[in-house]
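I have placed the structure first, in the form of C-alpha cells, so that the comments after it can refer back to it.
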Amino acid sequence: MSKIKVLVVDDSAVVRQTLSSVLSSDPLIEVIGTAQDPVFAAEKMRVQKPDVITLDVEMPRMDGLTFLQKLMQQHPIPVVICSSLVDEGSETLAKAIEYGAAEIITKPTSGTAAFIQDQTITICDAVKAAALVNVSKLRRTKSAPQPKLNADVVIAQNKRAMVKTTDQIIVVGASTGGTEAITTFLQALPSDCPGIVIVQHMPEGFTRSFAERLNTLTCLDVKEAENGDSVLRGHVLIAPGSSHLLCKRSGARYYVEVKDGPLVSRHRPSVDVLFRSAAQFAGKNAIGIIMTGMGDDGAKGMKELHDAGAFTMAQDEKSSVVFGMPNEAIKLGGISKIVPLDRLASRLLGHLSRF
C-alpha cells in the first residue's frame, strides 16, 4: 500500500517542523514537503502533487481560505485545515466547510507544538480520513444551501418508549477527538459490561480498522457493526462509515440495523439516529453517553433518550477536544450528569451497580 503524500503549509517554522514529525511517525503517511505560505505551496505542487494538504488560515501573501477556495475550484485536493481560527461557531469555520475542507483541526492560540504532539493519533487519523474523501463532493457551489435534516428522515419520532427491563444497553456518540476518548472509556470497562453501540464520525474504510484496533486494546469484543448483529454483554459495535446505525429490539433481544439514508445533522452515521432508536426501543433500559465533537449531532437524540427515562452523561468541557456536541446536549436539557473523560467509566459502573 502506497503512503499518503502530505504537504504541510503553515507560516510557523515550529508548527511545520512539529506537524511533519508527528505525521511522519505514522507508517502510512509521508511528508513530501513544507511551505510557509500558499505561494510557496503552489510552487512545490508543480513539482510533486500531494494526496493531502494540511493548511493554516492566517499566512502572509495569501490566506489559507483564499488558497483553499482556489485549490478546490482549479485542482481539488483533500485539505485538512489546522488553525486556531476555526473554533466552534466561527465564520472562519463556516467558510472552511463551505469552500471544501475535508477535515478540521482547531489549534490552541498558545502551546501549539505541545498540542500537536499530544494529538498525534487524532491528526494522523484526520489526514488518513481526508485521503479517502471524494473531493468533487466537497466542492461547493453558489446554489441554495442544502437543508440540515433531522432524524425524522431515517426513523420516525415515536413518543412511546420501552418499559424498564433487566437488560440494559449503552449508546455512545462522538466526533472530533472521539477516537482517543472512546479508547480511554472502553479500556476502563470490564468484560461483562452491558452491550455497547457506538457512532463515531469517521469515513467509510476507517471504522473497521478503528474497531479492530479497539479490539486489541480493550478486554471487550469490538467489531464494525453488521446488519442484524446482536447487542450482547461484553461486546461493542461500531457504526460503519457512511451508514446509519439503529438499535432495535425483538422480544428479549437487542440488535442493530445498518441503514442507508440522507445525512442527518450533516452526518452519516448520525448520533441523533442512534440515540432516537435507543430511546424508542430501549427507553429506560438505555444509557446514553455523548463525547467530544464539533457541531450538535446527538443533542436532540440525547434529549429524547433523557425524556424516555434513560440515564445520560456528557463528557465535560475540560477533557473534550471540542465541547460542541456535549455542550449542545447540555443546553437542550438532555444530560443527567456531566463527567470528565477519566471518570465516565466509573460513573457508568456506579449507575449500573444500583440495578
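So you can find residues: chains in the C-alpha cells are A, B, ... in the order shown, residues in each start at 1, and ligands are numbered from 1 in order.
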Requested in this report: Find the spatial neighbours of range 70-83 of chain A, counting only C-alpha atoms, within a cut-off of 8 Å - ignore same-chain residues fewer than 2 positions away - and output them as a PyMOL selection string.
Outcome: chain A and resi 50-58+66-68+85-86+96+99-108+126-127+130-131+133+135-136+139
Query raised in the report: Within 12 Å of Ala225 in chain A, counting only C-alpha atoms, which residues qualify if same-chain residues fewer than 2 places away don't, as a PyMOL selection string?
Result: chain A and resi 196-199+207-208+210-212+221-223+227-231+235-241+243-247+255-259+269
Write to file, as a CSV table (one decimal), in the first residue's frame, the residues of the selection just made, with N, CA, C and O atoms.
chain,number,residue,atom,x,y,z
A,196,ILE,N,-22.6,-2.4,24.0
A,196,ILE,CA,-22.4,-1.0,23.7
A,196,ILE,C,-22.5,-0.8,22.2
A,196,ILE,O,-21.9,-1.6,21.4
A,197,VAL,N,-23.1,0.2,21.8
A,197,VAL,CA,-23.3,0.6,20.4
A,197,VAL,C,-22.7,2.0,20.2
A,197,VAL,O,-23.2,2.9,20.9
A,198,ILE,N,-21.8,2.2,19.3
A,198,ILE,CA,-21.1,3.5,19.1
A,198,ILE,C,-21.2,4.1,17.7
A,198,ILE,O,-21.1,3.4,16.7
A,199,VAL,N,-21.5,5.4,17.7
A,199,VAL,CA,-21.4,6.1,16.4
A,199,VAL,C,-20.2,7.1,16.7
A,199,VAL,O,-20.3,8.0,17.5
A,207,THR,N,-13.7,2.9,9.9
A,207,THR,CA,-14.3,2.4,11.1
A,207,THR,C,-14.0,0.9,11.4
A,207,THR,O,-13.9,0.5,12.5
A,208,ARG,N,-13.7,0.1,10.3
A,208,ARG,CA,-13.4,-1.3,10.5
A,208,ARG,C,-12.0,-1.4,11.2
A,208,ARG,O,-11.8,-2.1,12.2
A,210,PHE,N,-10.6,1.0,13.0
A,210,PHE,CA,-10.8,1.5,14.3
A,210,PHE,C,-11.3,0.5,15.3
A,210,PHE,O,-10.8,0.3,16.4
A,211,ALA,N,-12.3,-0.3,14.8
A,211,ALA,CA,-12.9,-1.3,15.6
A,211,ALA,C,-11.8,-2.4,15.9
A,211,ALA,O,-11.7,-2.9,17.1
A,212,GLU,N,-11.1,-2.8,14.9
A,212,GLU,CA,-10.0,-3.8,15.1
A,212,GLU,C,-9.0,-3.4,16.1
A,212,GLU,O,-8.5,-4.1,16.9
A,221,ASP,N,-15.1,-7.3,23.3
A,221,ASP,CA,-15.1,-7.9,21.9
A,221,ASP,C,-15.7,-6.7,21.0
A,221,ASP,O,-16.9,-6.4,21.1
A,222,VAL,N,-14.8,-6.1,20.2
A,222,VAL,CA,-15.2,-4.9,19.4
A,222,VAL,C,-15.2,-5.3,18.0
A,222,VAL,O,-14.2,-5.9,17.5
A,223,LYS,N,-16.2,-4.9,17.2
A,223,LYS,CA,-16.2,-5.1,15.8
A,223,LYS,C,-17.0,-4.0,15.1
A,223,LYS,O,-17.8,-3.3,15.7
A,227,ASN,N,-25.5,-5.5,9.7
A,227,ASN,CA,-26.9,-5.6,9.9
A,227,ASN,C,-27.4,-6.8,10.6
A,227,ASN,O,-27.0,-7.9,10.2
A,228,GLY,N,-28.2,-6.7,11.7
A,228,GLY,CA,-28.7,-7.8,12.4
A,228,GLY,C,-27.8,-8.3,13.6
A,228,GLY,O,-28.2,-9.2,14.3
A,229,ASP,N,-26.6,-7.7,13.7
A,229,ASP,CA,-25.8,-8.1,14.9
A,229,ASP,C,-26.5,-7.9,16.2
A,229,ASP,O,-27.2,-6.9,16.4
A,230,SER,N,-26.4,-8.9,17.1
A,230,SER,CA,-27.0,-8.8,18.4
A,230,SER,C,-26.1,-7.9,19.3
A,230,SER,O,-24.9,-7.8,19.2
A,231,VAL,N,-26.8,-7.1,20.2
A,231,VAL,CA,-26.1,-6.3,21.2
A,231,VAL,C,-26.0,-7.2,22.4
A,231,VAL,O,-26.9,-7.4,23.1
A,235,HIS,N,-19.7,-6.9,24.5
A,235,HIS,CA,-19.5,-6.7,23.0
A,235,HIS,C,-19.7,-5.2,22.7
A,235,HIS,O,-20.6,-4.6,23.3
A,236,VAL,N,-19.0,-4.7,21.7
A,236,VAL,CA,-19.1,-3.3,21.3
A,236,VAL,C,-19.3,-3.3,19.8
A,236,VAL,O,-18.5,-4.0,19.1
A,237,LEU,N,-20.2,-2.6,19.3
A,237,LEU,CA,-20.5,-2.5,17.8
A,237,LEU,C,-20.2,-1.0,17.4
A,237,LEU,O,-20.8,-0.1,18.0
A,238,ILE,N,-19.4,-0.9,16.4
A,238,ILE,CA,-19.0,0.5,15.9
A,238,ILE,C,-19.8,0.7,14.6
A,238,ILE,O,-19.8,-0.2,13.7
A,239,ALA,N,-20.5,1.8,14.4
A,239,ALA,CA,-21.2,2.1,13.2
A,239,ALA,C,-20.3,2.2,12.0
A,239,ALA,O,-19.2,2.8,12.1
A,240,PRO,N,-20.6,1.5,10.9
A,240,PRO,CA,-19.8,1.6,9.7
A,240,PRO,C,-19.8,3.0,9.1
A,240,PRO,O,-20.9,3.7,9.2
A,241,GLY,N,-18.7,3.5,8.6
A,241,GLY,CA,-18.7,4.8,8.0
A,241,GLY,C,-19.7,4.8,6.8
A,241,GLY,O,-19.8,3.9,6.1
A,243,SER,N,-22.9,4.8,6.9
A,243,SER,CA,-24.2,4.2,7.1
A,243,SER,C,-24.7,4.6,8.5
A,243,SER,O,-23.9,4.7,9.4
A,244,HIS,N,-26.0,4.8,8.6
A,244,HIS,CA,-26.6,5.0,9.9
A,244,HIS,C,-26.7,3.7,10.6
A,244,HIS,O,-26.8,2.6,10.0
A,245,LEU,N,-26.7,3.8,12.0
A,245,LEU,CA,-26.8,2.6,12.8
A,245,LEU,C,-28.0,2.8,13.8
A,245,LEU,O,-28.0,3.8,14.5
A,246,LEU,N,-28.9,1.9,13.8
A,246,LEU,CA,-30.1,1.9,14.7
A,246,LEU,C,-30.1,0.8,15.6
A,246,LEU,O,-29.6,-0.3,15.3
A,247,CYS,N,-30.5,1.0,16.9
A,247,CYS,CA,-30.6,-0.1,17.9
A,247,CYS,C,-32.1,-0.5,18.0
A,247,CYS,O,-32.9,0.4,18.2
A,255,TYR,N,-30.8,-5.8,18.9
A,255,TYR,CA,-29.9,-5.9,17.7
A,255,TYR,C,-29.8,-4.6,17.0
A,255,TYR,O,-30.5,-3.6,17.3
A,256,VAL,N,-28.9,-4.5,16.0
A,256,VAL,CA,-28.7,-3.3,15.3
A,256,VAL,C,-29.1,-3.4,13.8
A,256,VAL,O,-29.1,-4.5,13.2
A,257,GLU,N,-29.6,-2.3,13.3
A,257,GLU,CA,-29.9,-2.2,11.9
A,257,GLU,C,-28.9,-1.2,11.2
A,257,GLU,O,-28.8,-0.1,11.7
A,258,VAL,N,-28.2,-1.7,10.2
A,258,VAL,CA,-27.3,-0.8,9.4
A,258,VAL,C,-28.2,-0.3,8.3
A,258,VAL,O,-28.7,-1.1,7.5
A,259,LYS,N,-28.3,1.0,8.1
A,259,LYS,CA,-29.2,1.6,7.2
A,259,LYS,C,-28.6,2.7,6.4
A,259,LYS,O,-28.0,3.6,7.0
A,269,PRO,N,-22.6,8.1,9.6
A,269,PRO,CA,-23.6,7.8,10.6
A,269,PRO,C,-23.9,9.0,11.5
A,269,PRO,O,-23.0,9.8,11.7
Query raised in the report: Distance CA of Ile4 in chain A-CA of Val31 in chain A, one decimal place?
Result: 8.2 Å
Closest atom pairs, range 145-245 of chain A residues within 12 Å of range 328-343 of chain A, only C-alpha atoms, as a tab-separated table:
residue	atom	partner	partner_atom	distance
A:Gly173	CA	A:Ala329	CA	11.3
A:Gly177	CA	A:Leu341	CA	11.5
A:Gly178	CA	A:Leu341	CA	10.7
A:Glu180	CA	A:Leu341	CA	10.2
A:Ala181	CA	A:Leu341	CA	6.9
A:Ile182	CA	A:Leu341	CA	9.1
A:Thr183	CA	A:Leu341	CA	10.5
A:Thr184	CA	A:Asp342	CA	7.3
A:Phe185	CA	A:Leu341	CA	7.1
A:Leu186	CA	A:Asp342	CA	10.7
A:Gln187	CA	A:Asp342	CA	10.4
A:Ala188	CA	A:Asp342	CA	8.6
A:Leu189	CA	A:Arg343	CA	11.0
**Report entry** d(CA of Glu224 in chain A, CA of Glu317 in chain A) in Å
**Finding:**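 Distance reported for this atom pair: 28.5 Å.
Atom pair CA of Phe311 in chain A / CA of His351 in chain A has a distance of 8.4 Å (rounded to one decimal).
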Query raised in the report: Do you know which residues are at most 8 Å from range 39-46 of chain A counting only C-alpha atoms, after dropping those on the same chain fewer than 2 positions away, and could you put them as a list in words?
Result: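 After dropping sequence-adjacent residues, the list is Leu7, Val9, Gly33, Thr34, Ala35, Gln36, Asp37, Gln48, Lys49, Pro50, Arg61 and Met62 of chain A.
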Which residues in range 261-336 of chain A does DSSP call strand (DSSP E or B)? List them as a compact mmCIF listing (two decimals) with N, CA, C and O atoms, in the first residue's frame.
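result17.txt, written as the output of this step:
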# COMPACT_ATOMS: atom_id res chain seq x y z
N VAL A 264 -27.91 13.16 8.36
CA VAL A 264 -28.72 13.67 9.45
C VAL A 264 -27.82 14.51 10.34
O VAL A 264 -26.76 14.05 10.76
N HIS A 267 -24.46 14.43 9.08
CA HIS A 267 -23.58 13.28 9.27
C HIS A 267 -24.28 11.97 8.90
O HIS A 267 -25.49 11.84 9.02
N ALA A 286 -31.81 2.10 28.39
CA ALA A 286 -30.63 2.62 27.71
C ALA A 286 -29.84 3.56 28.61
O ALA A 286 -30.38 4.20 29.52
N ILE A 287 -28.55 3.63 28.34
CA ILE A 287 -27.67 4.63 28.94
C ILE A 287 -27.00 5.35 27.79
O ILE A 287 -26.38 4.71 26.92
N GLY A 288 -27.15 6.66 27.73
CA GLY A 288 -26.58 7.44 26.63
C GLY A 288 -25.38 8.24 27.07
O GLY A 288 -25.38 8.85 28.15
N ILE A 289 -24.34 8.23 26.23
CA ILE A 289 -23.11 8.98 26.52
C ILE A 289 -22.72 9.77 25.28
O ILE A 289 -22.58 9.20 24.19
N ILE A 290 -22.55 11.07 25.44
CA ILE A 290 -22.10 11.91 24.32
C ILE A 290 -20.74 12.50 24.66
O ILE A 290 -20.53 13.02 25.76
N PHE A 311 -30.63 7.07 31.57
CA PHE A 311 -29.56 7.79 32.27
C PHE A 311 -28.60 8.30 31.21
O PHE A 311 -28.15 7.55 30.34
N THR A 312 -28.27 9.60 31.25
CA THR A 312 -27.46 10.20 30.18
C THR A 312 -26.27 10.95 30.77
O THR A 312 -26.39 11.63 31.79
N MET A 313 -25.14 10.85 30.09
CA MET A 313 -23.92 11.54 30.54
C MET A 313 -23.26 12.27 29.37
O MET A 313 -23.33 11.82 28.22
N ALA A 314 -22.62 13.39 29.69
CA ALA A 314 -21.85 14.16 28.72
C ALA A 314 -20.42 14.32 29.22
O ALA A 314 -20.21 14.56 30.42
N GLN A 315 -19.46 14.19 28.32
CA GLN A 315 -18.07 14.47 28.66
C GLN A 315 -17.94 15.96 28.98
O GLN A 315 -18.54 16.80 28.30
If we count only C-alpha atoms, what is near Leu132 in chain A at a cut-off of 9 Å, once residues fewer than 4 positions away on the same chain are taken out, given as an mmCIF file with C-alpha atoms, in the first residue's frame?
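Now in part_35.cif:
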data_model
loop_
_atom_site.group_PDB
_atom_site.id
_atom_site.type_symbol
_atom_site.label_atom_id
_atom_site.label_comp_id
_atom_site.auth_asym_id
_atom_site.auth_seq_id
_atom_site.Cartn_x
_atom_site.Cartn_y
_atom_site.Cartn_z
ATOM 1 C CA PRO A 78 -8.233 16.975 0.148
ATOM 2 C CA LYS A 128 -5.886 9.416 6.595
ATOM 3 C CA PRO A 203 -15.452 7.978 6.802
ATOM 4 C CA GLU A 204 -16.084 4.622 5.194
ATOM 5 C CA GLY A 205 -12.979 2.458 5.300
#
Report task. Tell me which of A:Gly283, A:Thr120, A:Leu214, A:Gly293 sits closest to Ser21 in chain A, counting only C-alpha atoms. Result -> A:Thr120
